[in-house]
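Quick notes on the structure that follows.
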Amino acid sequence: MNFYFEASEVLNRLDAKEGSIKGILATLPENNRSRTAALVIETLKYKSVLSDVIQASKLLVEEKKKINSLNLALVLVHDTLLANGIQAGDGPIKQAILRHKTRLKSELQRIKIKRGVKSDLELAQTSDDRAAKIPRYVRVNTAIWSTEEAISFYTKRGFQLQGPFTSRKGFGLDEHIPDLLAFNPALQFRDDPSYKTGKIILQDKASCFSAFVLAPPCNDPNAVVIDATAAPGNKTSHLSALMGNQGKLYAFERDKRRFSTLKMMLAKAACRNVEAINADFLTIDPSHPKYSLATHILLDPSCSGSGIVNRLDYLLEDEIEVAEEDRLNKLAAFQLMMIKHAMKFPHVQKIVYSTCSIHATENEHVVGHALQSDEAKSNHFKLAPRNDVLPTWNRRGQAEEMKGDASSLVRCSPGEDGTNGFFVSCFIREHDSVLPQTESLKKRKAETEEVTPEKRKRKRKKKVKTE
């Protein structure tokens with residue numbers, strides 16, 4: 001029965017809007033994740049119907065002592081009516097459901113007649129058509145193997161390098177992001193050996209823009225980079241790969257559960273230059289000896305997620321209302337706070353701010369307020385020119401939503417650009433205001449190196465002599 005409690009808890013978290021279906025499922029223990037995910041997804045497909053059946057049968061009214069949660073009832077009734085029965089021993093909760101089995105079946109049949117359908121499948125919620133236009137993107141993890149090796153691996157398995165929509169076995173190289181492959185949308189990679197061993201990362205194209213635009217130093221042992229909101233780790237692992245697994249990448253995640261997911265992801269992807277930190281980026285002192293050395297910061301904070309049109313979250317459409325202005329304003333205030341905090345780091349040269357939102361409130365408006373902030377003015381930050389921010393990408397920022405050059409901003413439109421909805425901006429410090437970087441960074445990094453016990457001992461002896 002614990003299996004059903006776990007599935008109902010996932011539904012509870014979705015109701016509380018704690019994240020996307022994919023994101024929340026990723027936090028489950030890996031040994032039981034597939035089974036729980038299957039039940040959650042199938043239950044969501046029939047949620048509207050199952051809710052009506054439960055209400056009409058008065059299950060929760062008559063069994064309120066045994067079943068006090070609608071979401072628990074949903075997963076149990078799903079397996080009772082639409083699967084092979086409840087997979088658990090004959091405890092009191094299972095018996096409570098079975099007492100109403102005949103009535104539940106009767107109410108389901110009544111709904112089918114009312115809707116004029118013959119099969120259960122016809123009652124399932126259909127997917128968002130826009131998802132079918134988005135390829136299945138696979139980023140090659142260059143920390144483990146090369147893109148050439150990946151292409152060879154898949155061609156030997158019968159795939160053809162001719163584009164993702166030519167056939168089910170077709171795939172292609174992306175024109176904007178290096179090391180990104182695009183496969184047919186119908187394909188699944190969860191059981192692919194390359195996925196299981198961390199050789200490939202399942203990451204939407206637009207999500208790859210953030211790290212690519214930040215362009216952290218590559219193969220530089222002195223590089224210091226920050227990922228301010230790192231979980232689940234896709235962008236972090238991308239940054240690590242772009243850095244050649246060298247230098248230091250500090251990955252912050254404040255939520256303990258998501259932090260565990262982050263650590264598992266980084267280990268699987270062989271990210272050797274990453275230090276994961278379970279802390280809120282906003283609490284980090286920009287003058288801290290370690291973190292103050294950062295020259296590049298990636299910000300991808302919490303947002304409304306209004307741009308996500310993947311193959312699962314359409315199941316939540318009936319639950320998602322038009323974003324309320326108050327909620328968007330609160331998100332925007334938090335997002336602006338993150339940018340302003342990042343601008344306080346003394347050596348930072350480049351800050352990328354991105355969201356998976358389509359709302360100007362979280363995008364152009366936040367960027368505009370950031371540019372007018374005291375932090376931006378005192379530290380001489382401006383938007384990077386278009387030529388430095390995916391210049392060949394056609395869809396840019398909405399000029400009517402901000403003052404300044406909106407062409408420096410990048411937007412992705414779900415259903416039109418072959419990606420989920422996304423937004424990317426890049427702030428840079430004006431060159432004449434940058435501190436002498438190379439020497440100062442090396443000097444301060446040397447100062448923060450750990451002092452060995454031998455050195456401490458010598459210092460103590462020297463002090464005794466002078467006294």
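Letters A, B, ... mark the chains of the structure tokens in the order given; residue numbers begin at 1 per chain; ligand numbers begin at 1, in order shown.
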Mind checking which residues fall within 12 Å of A:Phe5, counting only C-alpha atoms, ignoring those fewer than 3 positions away in the same chain, and posting them as a ChimeraX atom specification? /A:1-2,8-12,36,39-40,67-76,88,93
Report the residues of stretch 70-306 of chain A whose backbone DSSP state falls under helix (DSSP H, G or I), written as number ranges by chain. A: 70-82, 92-98, 101-115, 120-123, 129-133, 147-156, 193-196, 205-214, 234-242, 256-268, 281-283, 291-293
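For the choices A:Ser146, A:Ser425, A:Thr102, A:Thr355, the atom-to-atom distance to A:Gly368 is smallest for A:Ser425 when using only C-alpha atoms.
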Which residues come within 10 Å of A:Lys58, counting only C-alpha atoms, excluding same-chain residues fewer than 4 positions away, as a ChimeraX atom specification? /A:52-54,62-64,100,103-104
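You will find atom CA of A:Glu364 at 11.7 Å from atom CA of A:Gln335.
Rounded to one decimal, atom CA of A:Phe183 and atom CA of A:Thr392 lie 21.9 Å from each other.
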Which residues come within 9 Å of A:Ala26, counting only C-alpha atoms, excluding same-chain residues fewer than 4 positions away, as JSON, numbers by chain? {"A": [21, 22, 30, 33, 232, 258, 261]}
Which neighbours of A:Cys412 fall inside 7 Å, counting only C-alpha atoms, when residues of the same chain fewer than 3 positions from it are skipped, and could you give them as a ChimeraX atom specification? /A:395,417,419-423
May I have the residues from that selection written out with N, CA and C atoms, as an mmCIF file, in the first residue's frame?
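As a result, again.cif now contains:
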```
data_model
loop_
_atom_site.group_PDB
_atom_site.id
_atom_site.type_symbol
_atom_site.label_atom_id
_atom_site.label_comp_id
_atom_site.auth_asym_id
_atom_site.auth_seq_id
_atom_site.Cartn_x
_atom_site.Cartn_y
_atom_site.Cartn_z
ATOM 1 N N ARG A 395 13.773 34.752 -33.109
ATOM 2 C CA ARG A 395 12.788 35.327 -32.182
ATOM 3 C C ARG A 395 13.505 36.037 -31.027
ATOM 4 N N ASP A 417 8.757 27.250 -32.491
ATOM 5 C CA ASP A 417 10.214 27.208 -32.608
ATOM 6 C C ASP A 417 10.812 25.828 -32.366
ATOM 7 N N THR A 419 10.615 24.140 -29.662
ATOM 8 C CA THR A 419 11.098 24.062 -28.278
ATOM 9 C C THR A 419 9.939 24.393 -27.349
ATOM 10 N N ASN A 420 10.181 24.278 -26.064
ATOM 11 C CA ASN A 420 9.257 24.826 -25.088
ATOM 12 C C ASN A 420 9.435 26.341 -25.053
ATOM 13 N N GLY A 421 8.491 27.047 -24.419
ATOM 14 C CA GLY A 421 8.627 28.487 -24.277
ATOM 15 C C GLY A 421 9.775 28.823 -23.337
ATOM 16 N N PHE A 422 10.588 29.827 -23.714
ATOM 17 C CA PHE A 422 11.772 30.121 -22.916
ATOM 18 C C PHE A 422 12.186 31.572 -23.156
ATOM 19 N N PHE A 423 12.986 32.091 -22.223
ATOM 20 C CA PHE A 423 13.480 33.466 -22.300
ATOM 21 C C PHE A 423 14.908 33.504 -21.779
#
```
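When DSSP reads the backbone of this structure, the residues of stretch 277-421 of chain A it assigns to strand (DSSP E) are Ile277, His296, Ile297, Leu298, Leu299, Lys350, Ile351, Val352, Tyr353, Ser354, Thr355, Phe381, Lys382, Leu383, Val410, Arg411 and Cys412 of chain A.
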Output file for the residues above (N, CA, C and O atoms, as a PDB file, in the first residue's frame):
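Done, and the output landed in part.pdb:
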```
ATOM      1  N   ILE A 277      26.153  22.770  -3.216  1.00  0.00           N
ATOM      2  CA  ILE A 277      25.998  23.398  -1.914  1.00  0.00           C
ATOM      3  C   ILE A 277      24.516  23.540  -1.595  1.00  0.00           C
ATOM      4  O   ILE A 277      23.767  24.154  -2.357  1.00  0.00           O
ATOM      5  N   HIS A 296      31.391  34.313 -13.794  1.00  0.00           N
ATOM      6  CA  HIS A 296      30.198  34.005 -14.572  1.00  0.00           C
ATOM      7  C   HIS A 296      29.133  33.409 -13.639  1.00  0.00           C
ATOM      8  O   HIS A 296      29.440  32.501 -12.859  1.00  0.00           O
ATOM      9  N   ILE A 297      27.909  33.918 -13.728  1.00  0.00           N
ATOM     10  CA  ILE A 297      26.815  33.428 -12.879  1.00  0.00           C
ATOM     11  C   ILE A 297      25.596  33.109 -13.734  1.00  0.00           C
ATOM     12  O   ILE A 297      25.168  33.932 -14.553  1.00  0.00           O
ATOM     13  N   LEU A 298      25.047  31.921 -13.524  1.00  0.00           N
ATOM     14  CA  LEU A 298      23.824  31.508 -14.210  1.00  0.00           C
ATOM     15  C   LEU A 298      22.650  31.596 -13.242  1.00  0.00           C
ATOM     16  O   LEU A 298      22.682  31.021 -12.154  1.00  0.00           O
ATOM     17  N   LEU A 299      21.603  32.313 -13.651  1.00  0.00           N
ATOM     18  CA  LEU A 299      20.389  32.464 -12.849  1.00  0.00           C
ATOM     19  C   LEU A 299      19.206  31.896 -13.627  1.00  0.00           C
ATOM     20  O   LEU A 299      18.824  32.429 -14.667  1.00  0.00           O
ATOM     21  N   LYS A 350      29.804  38.366 -16.292  1.00  0.00           N
ATOM     22  CA  LYS A 350      28.686  37.974 -17.136  1.00  0.00           C
ATOM     23  C   LYS A 350      27.632  37.266 -16.287  1.00  0.00           C
ATOM     24  O   LYS A 350      27.952  36.375 -15.497  1.00  0.00           O
ATOM     25  N   ILE A 351      26.371  37.673 -16.457  1.00  0.00           N
ATOM     26  CA  ILE A 351      25.253  37.054 -15.746  1.00  0.00           C
ATOM     27  C   ILE A 351      24.183  36.702 -16.767  1.00  0.00           C
ATOM     28  O   ILE A 351      23.732  37.574 -17.522  1.00  0.00           O
ATOM     29  N   VAL A 352      23.781  35.451 -16.806  1.00  0.00           N
ATOM     30  CA  VAL A 352      22.667  35.044 -17.662  1.00  0.00           C
ATOM     31  C   VAL A 352      21.445  34.801 -16.784  1.00  0.00           C
ATOM     32  O   VAL A 352      21.522  34.068 -15.795  1.00  0.00           O
ATOM     33  N   TYR A 353      20.351  35.451 -17.140  1.00  0.00           N
ATOM     34  CA  TYR A 353      19.069  35.266 -16.457  1.00  0.00           C
ATOM     35  C   TYR A 353      18.096  34.644 -17.444  1.00  0.00           C
ATOM     36  O   TYR A 353      17.889  35.166 -18.547  1.00  0.00           O
ATOM     37  N   SER A 354      17.494  33.506 -17.061  1.00  0.00           N
ATOM     38  CA  SER A 354      16.575  32.813 -17.968  1.00  0.00           C
ATOM     39  C   SER A 354      15.351  32.321 -17.206  1.00  0.00           C
ATOM     40  O   SER A 354      15.397  32.124 -15.989  1.00  0.00           O
ATOM     41  N   THR A 355      14.251  32.131 -17.946  1.00  0.00           N
ATOM     42  CA  THR A 355      13.036  31.555 -17.379  1.00  0.00           C
ATOM     43  C   THR A 355      12.392  30.654 -18.427  1.00  0.00           C
ATOM     44  O   THR A 355      12.687  30.760 -19.619  1.00  0.00           O
ATOM     45  N   PHE A 381      26.625  47.466 -15.244  1.00  0.00           N
ATOM     46  CA  PHE A 381      26.118  46.358 -16.038  1.00  0.00           C
ATOM     47  C   PHE A 381      25.196  46.856 -17.144  1.00  0.00           C
ATOM     48  O   PHE A 381      24.442  47.826 -16.972  1.00  0.00           O
ATOM     49  N   LYS A 382      25.257  46.195 -18.259  1.00  0.00           N
ATOM     50  CA  LYS A 382      24.391  46.476 -19.393  1.00  0.00           C
ATOM     51  C   LYS A 382      24.055  45.152 -20.080  1.00  0.00           C
ATOM     52  O   LYS A 382      24.620  44.100 -19.747  1.00  0.00           O
ATOM     53  N   LEU A 383      23.142  45.184 -21.031  1.00  0.00           N
ATOM     54  CA  LEU A 383      22.823  43.976 -21.785  1.00  0.00           C
ATOM     55  C   LEU A 383      23.907  43.699 -22.817  1.00  0.00           C
ATOM     56  O   LEU A 383      24.419  44.625 -23.465  1.00  0.00           O
ATOM     57  N   VAL A 410      16.479  36.857 -25.975  1.00  0.00           N
ATOM     58  CA  VAL A 410      16.051  35.695 -26.761  1.00  0.00           C
ATOM     59  C   VAL A 410      14.745  35.163 -26.207  1.00  0.00           C
ATOM     60  O   VAL A 410      14.580  35.025 -24.990  1.00  0.00           O
ATOM     61  N   ARG A 411      13.816  34.869 -27.100  1.00  0.00           N
ATOM     62  CA  ARG A 411      12.548  34.232 -26.724  1.00  0.00           C
ATOM     63  C   ARG A 411      12.348  32.980 -27.571  1.00  0.00           C
ATOM     64  O   ARG A 411      12.783  32.921 -28.728  1.00  0.00           O
ATOM     65  N   CYS A 412      11.671  32.001 -26.996  1.00  0.00           N
ATOM     66  CA  CYS A 412      11.255  30.802 -27.719  1.00  0.00           C
ATOM     67  C   CYS A 412       9.754  30.664 -27.545  1.00  0.00           C
ATOM     68  O   CYS A 412       9.240  30.818 -26.437  1.00  0.00           O
TER      69      CYS A 412
END
```
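Proximity of A:Asp255, A:Glu325, A:Asp227, A:Asp374 to A:Tyr291, computed with only C-alpha atoms, is greatest for A:Asp227.
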Applying 9 Å and only C-alpha atoms, which residues near A:Ala384 remain after dropping the ones on its own chain fewer than 3 positions away? List them as a PyMOL selection string. chain A and resi 350+387-389+408-409+425-429
Separating atom CA of A:Arg168 from atom CA of A:Val138, to the nearest tenth of an Å, is a gap of 15.0 Å
Write out as an NGL selection string the residues lying within 10 Å of A:Ile86, counting only C-alpha atoms and excluding same-chain residues fewer than 4 positions away. :A and (1 or 4 or 75-81 or 90 or 94 or 97-98)
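Restricting the calculation to only C-alpha atoms, the smallest distance between A:Leu82 and any of A:Glu148, A:Glu175, A:Glu107, A:Asp120 is found for A:Asp120.
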